[in-house]
Amino acid sequence: MTLDVMPDVTRDTPRKAAPLLEADGLVRIYETRKGLFGQPVPVRAVNGVSLKVAQGETLGIVGESGSGKSTLGRMLLGVDPSQEGVVRFAGAPLPAAGTPAWRALRAHMQMVHQDPLAALDKRLTIADQIREPLDIHARGNRAERRARVAELMQAVGLRPDQAGRYPHELSGGQRQRVVIARALACGPSLLVCDEPVSALDVSIQAQVVNLLADMQAANGLAMVFISHDLKVVRNLADRVAVMYLGEIVEEGPVEAVFAAPQHPYTQALVSSVPAPGKRLDGRMILKGEPPNPAARPAGCAFHPRCPHAVASCRAEAPALVPTAAGRRAACHLVGGADRLAA
Amino acid sequence: MALTDIAAAPAVRRPGLTTRLRRLVPWSVAFGMVWLGATLFVAVFADWLRPYSITQMDLMARLVPPLTPGHLLGTDELGRDVLSRLIQSVQVSFVIAFGATILSAVFGTTLGFLAARFRGLAEHIVIMLADFQAALPFLIMSLAVLAFFGSSMVLLVALMGFYGWERYARIARGLAISAGAQGYAAAVVQLGGTPARVYLKHILPNVASTLIVSMTLTFPEIILMESGLSFLGLGVQPPETSLGNMIGFGREYLTTAPWIMLAPAVVISLTTLSISLVGDWLRDKLDPTIR
C-alpha cells in the first residue's frame, strides 16, 4: 500500500502515461458516539487506500454498501479531507476544500452523483444548470455559453426544446443526462461517478452507461466509476479495485480480475453475479454481514467470513502486494506462496 | 411575465384581457392585489388625497357619523375628519410595517445564513443573540429605548425591524443547514461555486417560500405592535396618527362613535388578509414544481 510498491504495478499496466490522479495512503475516520455521554468511537471508513488513475483510463471501484467507496470518491475529489495520506492531481497535491484554488480545480475534476433529482436545483431550468459551471469558471461570453449548452445537450442526447424544462419535468434518465452534461461543461479531465446508474431503471442504466463510455471516448477523460454492479463495471472499466471495509483487497485489469479473481472476497463477489442458464450449485455464498467498521476484526478484516481463513489471517493483516501482471491482492493465501485459494 | 400583466391590469379595460386574467389568478388573490395596490397608492399619494389636514378641527361637527356630506367617514371627538386621518395613518403604518418587515427579514436571514455557513462560534453567537431576543420582553425593551431616545419614525422602524429577526434567523439557519446537506447545494459547491453563489442563487430561492410566509405573519404583528406602543404613548406621537394610534384613541368612543375605531380596524384586517392571500399565491407561483 505504500508508494514503493506502486511503480512495479503501474509498469505492467497497459497504459504507461504518468498518473493523472494519484492517491497515497488515504485514511478517513468518522467518529460515532453511542448515547449521550458515550465515548466517541472512531470508524475507519477508508483505511489506507492507494491508487492511481492514468489519463483516459477508467478505474472501477466495487464493494458492498458501507465499504467506503463513496467516501473514497469524495476524498479523491478533495471534497472530504483525508486525515492521512495525500491525493495528487496532475502531480500536485489537492488544495483544501473551499479554497479558491480548490474551486478553480473543479473545472478539471467533476462528479456525477447517484441521485440526479437531488443533485439538481428544482427551481432552475436545466439549461441554466448546465450553464452554471461555465458561469462559475467564467468561460466565454453569453453567446458562447449558450452555444456550449446547446452542444452539451445534444451530446448527452437531450432535445433542444427541453432546455427550458425544470428537473421534475424530466425522467430519471434525462436528469442523469443533465447531471452528466453539467459535469462535462468545462471539459474536465477527471470524472468521478458515484453509483451513477443505481437510482435508474434497468432499461435506462444501459443508455447512461453507454453515454458515459461515449463521453469518455470523445473527451479522453479519466474516470473513477464507483458501483456495486459488477456487470456495469466490467463493461466500462479498464481496471477495477475491490474494496472491503475501507481497504482495497484486490486490484487489476478488469477482465483478468473478473475471469480469475484471486482474493476470496472477489471470488465471492464474482460468483454472486447471476448468469442466465447457470445453477446456483458450487457458488461461493458469503455468510453474515460485513463487520462493523467501528469494531474491525484483528488481522485480515475479511477472515470471519472467509472460507479459506487460516491462523495467520486472524493474527496479521495482509498487505496489498503485486501478485501477477498489473494485479495486486491483499491475502496471505495469494501471491508469494503458490497456494491459490482454488 | 405574469406579474407585470397583473400589475398593468387595473389600467387596461379590454374584455379579452380581463377574461384572461381571471383565468390566471383566483378572485381572492385578485382582490388582495387590488387592495394592496390601492393601499400602496394611498400611502404614496396621501398628501394629495387628504381632503382636510389631519389636525384641522371642526368643533361644530364633532362625532358626526359616516356619510355626512363633507365627512365621508365621519369625524372624531375633536371634529377632525376620519377619512383624512385614515389616509395619513395608512401612510405612516405602511412605512413602519413594510420597513420593519423588510429590515427584520434581511437582517435575520443574513445572520441565519452566516450561522449556517460558518457553524461553530458564529453559529453559537447568532443563536445566543436570538435566544436573548426571544427571552427579552420586546415591549419592555421598546419602552426603554423609546423613553431614552424619544420617539422618532426612524427609531420606530429600526426597533420594529429588530422585533422579528430572530424568527427569520432560526428559520434561515435551519433551512440552509438542511439544504446544504441536500444534493443541490453540495453539487454547486462541487462545481466550484463560491459560498455567495450557493447561498444567494440556490439556497435562498429554495427556502424563500418559508420566509415569505413568515413575512406575511410578521407584517400584521408589527402593525399591532406599533398600535400597542402608540397606545402606551411611545409609538407615533399625536397629533401625528397611525392605524394603531387611531384604534387606541377611538377605543373610548367605541359605543358612541364606533366609526373612529372601525375604519382603521377594517383597513388592518383587509391589508393583513390581502398580504396572506397574495403571499401564498406568490409562493406557489414562484415554485416551478407546483403548477
# chains A, B, ... in the order shown; residues from 1 in each chain; ligands from 1
$ closest_atom_pairs --of "chain A" --to "chain B" --cutoff "9 Å" --atoms "only C-alpha atoms" --output "tab-separated table"
residue	atom	partner	partner_atom	distance
A:Leu77	CA	B:Gln190	CA	8.8
A:Val79	CA	B:Gln190	CA	7.3
A:Gly98	CA	B:Val189	CA	8.0
A:Pro100	CA	B:Thr194	CA	8.3
A:Trp102	CA	B:Gly192	CA	7.6
A:Arg103	CA	B:Gly192	CA	4.2
A:Ala104	CA	B:Gly192	CA	6.4
A:Leu105	CA	B:Gly192	CA	7.7
A:Arg106	CA	B:Gly192	CA	5.2
A:Ala107	CA	B:Leu191	CA	7.3
A:Met109	CA	B:Leu191	CA	8.9
A:Gln110	CA	B:Leu191	CA	7.0
A:Met111	CA	B:Gln190	CA	7.5
A:His113	CA	B:Ala187	CA	8.3
A:Asp115	CA	B:Gly183	CA	8.0
A:Pro116	CA	B:Gly183	CA	8.5
A:Leu117	CA	B:Gly183	CA	8.3
A:Ala118	CA	B:Gly183	CA	4.7
A:Ala119	CA	B:Tyr184	CA	4.3
A:Leu120	CA	B:Tyr184	CA	5.0
A:Asp121	CA	B:Tyr184	CA	5.3
A:Lys122	CA	B:Thr289	CA	7.2
A:Arg123	CA	B:Pro288	CA	6.0
A:Leu124	CA	B:Pro288	CA	8.4
A:Glu132	CA	B:Leu191	CA	8.2
A:Pro133	CA	B:Leu191	CA	6.0
A:Ile136	CA	B:Gly193	CA	5.8
A:His137	CA	B:Gly192	CA	7.6
A:Tyr166	CA	B:Pro288	CA	7.2
A:Pro167	CA	B:Thr289	CA	8.9
A:His168	CA	B:Thr289	CA	6.8
A:Glu169	CA	B:Thr289	CA	8.4
A:Arg182	CA	B:Leu191	CA	8.6
A:Ala183	CA	B:Leu191	CA	7.7
$ residues_around --residues "A:Val257" --least-positions-apart "4" --cutoff "12 Å" --atoms "only C-alpha atoms" --output "number ranges by chain"
A: 60, 62, 230, 233-234, 237-242, 249-253, 261-267, 269-270, 323-329
$ closest_residue --among "A:Gln55, A:Gln207, A:Ser312, A:Ser67" --to "A:Leu191" --atoms "only C-alpha atoms"
A:Gln55
$ residues_around --residues "B:Pro258" --least-positions-apart "2" --cutoff "12 Å" --atoms "only C-alpha atoms" --output "ChimeraX atom specification"
/B:63-66,73-77,82,246-247,249-256,260-266
$ write_last_selection --atoms "C-alpha atoms" --output "tab-separated table (two decimals), in the first residue's frame"
chain	number	residue	atom	x	y	z
B	63	LEU	CA	-68.52	62.90	16.23
B	64	VAL	CA	-70.67	63.16	13.15
B	65	PRO	CA	-71.47	59.70	11.69
B	66	PRO	CA	-70.11	58.48	8.35
B	73	LEU	CA	-66.20	58.59	7.23
B	74	GLY	CA	-67.43	60.95	9.90
B	75	THR	CA	-65.38	62.90	12.40
B	76	ASP	CA	-63.78	62.18	15.75
B	77	GLU	CA	-64.25	63.75	19.15
B	82	VAL	CA	-61.67	60.45	9.98
B	246	MET	CA	-56.36	55.69	15.79
B	247	ILE	CA	-57.69	52.46	17.26
B	249	PHE	CA	-57.76	56.66	20.86
B	250	GLY	CA	-61.00	55.56	19.19
B	251	ARG	CA	-61.44	52.88	21.81
B	252	GLU	CA	-63.01	55.33	24.26
B	253	TYR	CA	-65.78	56.14	21.79
B	254	LEU	CA	-66.47	52.54	20.83
B	255	THR	CA	-70.09	52.66	21.98
B	256	THR	CA	-70.98	56.16	20.85
B	260	ILE	CA	-63.47	56.17	14.56
B	261	MET	CA	-62.11	52.76	15.52
B	262	LEU	CA	-63.76	50.59	12.88
B	263	ALA	CA	-62.28	52.41	9.91
B	264	PRO	CA	-58.61	51.66	10.80
B	265	ALA	CA	-59.56	48.20	12.11
B	266	VAL	CA	-61.09	47.29	8.75
$ closest_atom_pairs --of "stretch 32-106 of chain A" --to "stretch 20-23 of chain A" --cutoff "9 Å" --atoms "only C-alpha atoms" --output "CSV"
residue,atom,partner,partner_atom,distance
A:Val49,CA,A:Ala23,CA,7.2
A:Ser50,CA,A:Ala23,CA,4.9
A:Leu51,CA,A:Ala23,CA,5.1
A:Lys52,CA,A:Glu22,CA,4.5
A:Val53,CA,A:Leu21,CA,5.1
A:Ala54,CA,A:Leu20,CA,5.0
A:Gln55,CA,A:Leu20,CA,5.4
A:Gly56,CA,A:Leu20,CA,8.8
A:Leu76,CA,A:Ala23,CA,7.2
A:Gly85,CA,A:Ala23,CA,7.5
A:Val86,CA,A:Ala23,CA,5.9
A:Val87,CA,A:Ala23,CA,4.4
A:Arg88,CA,A:Glu22,CA,5.0
A:Phe89,CA,A:Leu21,CA,4.7
A:Ala90,CA,A:Leu20,CA,4.8
A:Gly91,CA,A:Leu20,CA,7.2
$ residues_around --residues "stretch 215-224 of chain B" --least-positions-apart "6" --cutoff "7 Å" --atoms "only C-alpha atoms" --output "PDB file with N, CA and C atoms, in the first residue's frame"
ATOM      1  N   SER B  93     -48.368  53.878   8.890  1.00  0.00           N
ATOM      2  CA  SER B  93     -48.278  52.470   9.295  1.00  0.00           C
ATOM      3  C   SER B  93     -47.584  51.623   8.241  1.00  0.00           C
ATOM      4  N   ALA B  97     -44.518  49.352   8.944  1.00  0.00           N
ATOM      5  CA  ALA B  97     -44.660  47.899   8.837  1.00  0.00           C
ATOM      6  C   ALA B  97     -43.812  47.331   7.701  1.00  0.00           C
ATOM      7  N   THR B 101     -40.650  45.037   8.439  1.00  0.00           N
ATOM      8  CA  THR B 101     -40.700  43.650   7.967  1.00  0.00           C
ATOM      9  C   THR B 101     -39.485  43.353   7.096  1.00  0.00           C
ATOM     10  N   MET B 160     -38.791  48.168  15.447  1.00  0.00           N
ATOM     11  CA  MET B 160     -39.715  47.126  14.989  1.00  0.00           C
ATOM     12  C   MET B 160     -38.977  46.114  14.114  1.00  0.00           C
ATOM     13  N   GLY B 164     -38.731  41.031  14.761  1.00  0.00           N
ATOM     14  CA  GLY B 164     -38.988  39.711  14.193  1.00  0.00           C
ATOM     15  C   GLY B 164     -37.748  38.961  13.741  1.00  0.00           C
ATOM     16  N   GLY B 244     -52.757  52.039  14.394  1.00  0.00           N
ATOM     17  CA  GLY B 244     -52.864  51.583  15.776  1.00  0.00           C
ATOM     18  C   GLY B 244     -53.231  52.733  16.702  1.00  0.00           C
ATOM     19  N   THR B 272     -53.883  42.786   6.112  1.00  0.00           N
ATOM     20  CA  THR B 272     -53.200  41.555   6.508  1.00  0.00           C
ATOM     21  C   THR B 272     -53.759  40.368   5.729  1.00  0.00           C
ATOM     22  N   ILE B 275     -52.320  40.443   2.289  1.00  0.00           N
ATOM     23  CA  ILE B 275     -50.915  40.043   2.268  1.00  0.00           C
ATOM     24  C   ILE B 275     -50.798  38.526   2.350  1.00  0.00           C
ATOM     25  N   SER B 276     -51.619  37.906   3.207  1.00  0.00           N
ATOM     26  CA  SER B 276     -51.571  36.443   3.296  1.00  0.00           C
ATOM     27  C   SER B 276     -51.964  35.812   1.972  1.00  0.00           C
ATOM     28  N   GLY B 279     -49.327  36.533  -0.631  1.00  0.00           N
ATOM     29  CA  GLY B 279     -48.089  35.832  -0.253  1.00  0.00           C
ATOM     30  C   GLY B 279     -48.172  34.357  -0.582  1.00  0.00           C
TER      31      GLY B 279
END
$ atom_distance --atom1 "atom CA of A:Val27" --atom2 "atom CA of A:Val46"
5.1 Å
$ atom_distance --atom1 "atom CA of A:Pro160" --atom2 "atom CA of A:Arg175"
14.4 Å
$ residues_around --residues "stretch 124-134 of chain B" --least-positions-apart "3" --cutoff "9 Å" --atoms "only C-alpha atoms" --output "PyMOL selection string"
chain B and resi 111-112+114-115+119-121+137-138+162-163+165-167+169-170
$ write_last_selection --atoms "C-alpha atoms" --output "PDB file, in the first residue's frame"
ATOM      1  CA  LEU B 111     -27.494  36.162  10.251  1.00  0.00           C
ATOM      2  CA  GLY B 112     -29.138  32.774   9.782  1.00  0.00           C
ATOM      3  CA  LEU B 114     -23.949  33.254   8.226  1.00  0.00           C
ATOM      4  CA  ALA B 115     -24.591  30.839  11.087  1.00  0.00           C
ATOM      5  CA  ARG B 119     -21.178  26.977  12.022  1.00  0.00           C
ATOM      6  CA  GLY B 120     -19.051  26.782  15.158  1.00  0.00           C
ATOM      7  CA  LEU B 121     -18.556  30.002  17.060  1.00  0.00           C
ATOM      8  CA  PRO B 137     -39.961  41.011  26.560  1.00  0.00           C
ATOM      9  CA  PHE B 138     -39.909  43.175  23.473  1.00  0.00           C
ATOM     10  CA  PHE B 162     -35.362  44.081  15.298  1.00  0.00           C
ATOM     11  CA  TYR B 163     -38.538  42.570  16.640  1.00  0.00           C
ATOM     12  CA  TRP B 165     -35.403  38.971  13.159  1.00  0.00           C
ATOM     13  CA  GLU B 166     -34.768  36.060  15.488  1.00  0.00           C
ATOM     14  CA  ARG B 167     -37.501  34.045  13.830  1.00  0.00           C
ATOM     15  CA  ALA B 169     -32.548  33.803  11.706  1.00  0.00           C
ATOM     16  CA  ARG B 170     -33.704  30.481  13.125  1.00  0.00           C
TER      17      ARG B 170
END
$ atom_distance --atom1 "atom CA of B:Val34" --atom2 "atom CA of B:Phe94"
16.0 Å
$ select_by_dssp --residues "stretch 35-273 of chain B" --states "helix (DSSP H, G or I)" --output "ChimeraX atom specification"
/B:35-44,46-49,59-61,82-118,120-135,138-149,153-161,165-181,183-191,195-231,243-253,259-273
$ decode --residues "stretch 30-68 of chain A" --atoms "N, CA and C atoms" --output "short mmCIF file (atom, residue, chain, number, x, y, z; two decimals), in the first residue's frame"
data_model
loop_
_atom_site.label_atom_id
_atom_site.label_comp_id
_atom_site.auth_asym_id
_atom_site.auth_seq_id
_atom_site.Cartn_x
_atom_site.Cartn_y
_atom_site.Cartn_z
N TYR A 30 -14.36 8.56 10.74
CA TYR A 30 -15.54 9.25 11.28
C TYR A 30 -15.65 8.88 12.75
N GLU A 31 -16.20 9.79 13.53
CA GLU A 31 -16.42 9.46 14.93
C GLU A 31 -17.91 9.31 15.17
N THR A 32 -18.28 8.18 15.72
CA THR A 32 -19.68 8.00 16.11
C THR A 32 -19.74 7.94 17.62
N ARG A 33 -20.82 8.42 18.15
CA ARG A 33 -20.96 8.49 19.60
C ARG A 33 -22.15 7.62 19.97
N LYS A 34 -21.95 6.75 20.91
CA LYS A 34 -23.06 5.91 21.35
C LYS A 34 -23.67 6.54 22.60
N GLY A 35 -24.93 6.94 22.53
CA GLY A 35 -25.59 7.51 23.70
C GLY A 35 -25.14 8.93 23.92
N LEU A 36 -25.70 9.54 24.93
CA LEU A 36 -25.48 10.96 25.18
C LEU A 36 -24.07 11.23 25.67
N PHE A 37 -23.59 10.36 26.58
CA PHE A 37 -22.30 10.63 27.20
C PHE A 37 -21.26 9.59 26.79
N GLY A 38 -21.60 8.81 25.75
CA GLY A 38 -20.69 7.74 25.35
C GLY A 38 -19.37 8.28 24.80
N GLN A 39 -18.36 7.46 24.86
CA GLN A 39 -17.09 7.84 24.28
C GLN A 39 -17.23 7.81 22.75
N PRO A 40 -16.66 8.77 22.06
CA PRO A 40 -16.71 8.70 20.60
C PRO A 40 -15.91 7.48 20.11
N VAL A 41 -16.53 6.76 19.17
CA VAL A 41 -15.88 5.57 18.63
C VAL A 41 -15.38 5.91 17.23
N PRO A 42 -14.08 5.78 16.98
CA PRO A 42 -13.60 6.07 15.64
C PRO A 42 -13.99 4.97 14.66
N VAL A 43 -14.47 5.38 13.49
CA VAL A 43 -14.82 4.43 12.44
C VAL A 43 -13.92 4.74 11.26
N ARG A 44 -13.12 3.77 10.88
CA ARG A 44 -12.22 3.99 9.75
C ARG A 44 -12.96 3.63 8.47
N ALA A 45 -13.59 4.65 7.87
CA ALA A 45 -14.38 4.40 6.66
C ALA A 45 -13.47 4.08 5.48
N VAL A 46 -12.34 4.75 5.43
CA VAL A 46 -11.33 4.48 4.40
C VAL A 46 -10.02 4.29 5.14
N ASN A 47 -9.38 3.16 4.90
CA ASN A 47 -8.26 2.78 5.75
C ASN A 47 -7.02 2.51 4.91
N GLY A 48 -6.28 3.57 4.60
CA GLY A 48 -5.02 3.38 3.88
C GLY A 48 -5.19 2.92 2.45
N VAL A 49 -5.85 3.74 1.63
CA VAL A 49 -6.07 3.35 0.24
C VAL A 49 -5.10 4.10 -0.67
N SER A 50 -4.44 3.37 -1.52
CA SER A 50 -3.58 3.99 -2.53
C SER A 50 -4.04 3.53 -3.91
N LEU A 51 -4.11 4.45 -4.83
CA LEU A 51 -4.46 4.04 -6.19
C LEU A 51 -3.97 5.09 -7.17
N LYS A 52 -3.97 4.70 -8.43
CA LYS A 52 -3.56 5.61 -9.50
C LYS A 52 -4.55 5.50 -10.63
N VAL A 53 -4.82 6.64 -11.24
CA VAL A 53 -5.66 6.65 -12.43
C VAL A 53 -4.90 7.41 -13.50
N ALA A 54 -4.70 6.75 -14.65
CA ALA A 54 -3.97 7.41 -15.73
C ALA A 54 -4.93 8.22 -16.58
N GLN A 55 -4.36 9.11 -17.38
CA GLN A 55 -5.15 9.90 -18.32
C GLN A 55 -5.98 8.98 -19.21
N GLY A 56 -7.27 9.26 -19.32
CA GLY A 56 -8.12 8.50 -20.22
C GLY A 56 -8.48 7.11 -19.75
N GLU A 57 -8.11 6.77 -18.53
CA GLU A 57 -8.36 5.42 -18.03
C GLU A 57 -9.61 5.40 -17.15
N THR A 58 -10.29 4.27 -17.12
CA THR A 58 -11.43 4.13 -16.22
C THR A 58 -11.08 3.13 -15.14
N LEU A 59 -11.17 3.58 -13.89
CA LEU A 59 -10.96 2.69 -12.76
C LEU A 59 -12.31 2.42 -12.13
N GLY A 60 -12.69 1.15 -12.08
CA GLY A 60 -13.93 0.80 -11.40
C GLY A 60 -13.63 0.52 -9.94
N ILE A 61 -14.50 0.97 -9.05
CA ILE A 61 -14.35 0.64 -7.64
C ILE A 61 -15.62 -0.09 -7.23
N VAL A 62 -15.45 -1.35 -6.81
CA VAL A 62 -16.62 -2.13 -6.41
C VAL A 62 -16.50 -2.53 -4.95
N GLY A 63 -17.60 -2.87 -4.38
CA GLY A 63 -17.63 -3.30 -2.98
C GLY A 63 -19.04 -3.22 -2.45
N GLU A 64 -19.22 -3.81 -1.27
CA GLU A 64 -20.55 -3.79 -0.66
C GLU A 64 -20.90 -2.39 -0.17
N SER A 65 -22.16 -2.22 0.23
CA SER A 65 -22.55 -0.98 0.89
C SER A 65 -21.73 -0.84 2.16
N GLY A 66 -21.27 0.37 2.42
CA GLY A 66 -20.52 0.60 3.65
C GLY A 66 -19.06 0.23 3.55
N SER A 67 -18.60 -0.09 2.34
CA SER A 67 -17.19 -0.46 2.23
C SER A 67 -16.30 0.76 2.04
N GLY A 68 -16.90 1.95 1.99
CA GLY A 68 -16.10 3.17 1.89
C GLY A 68 -15.90 3.66 0.48
#
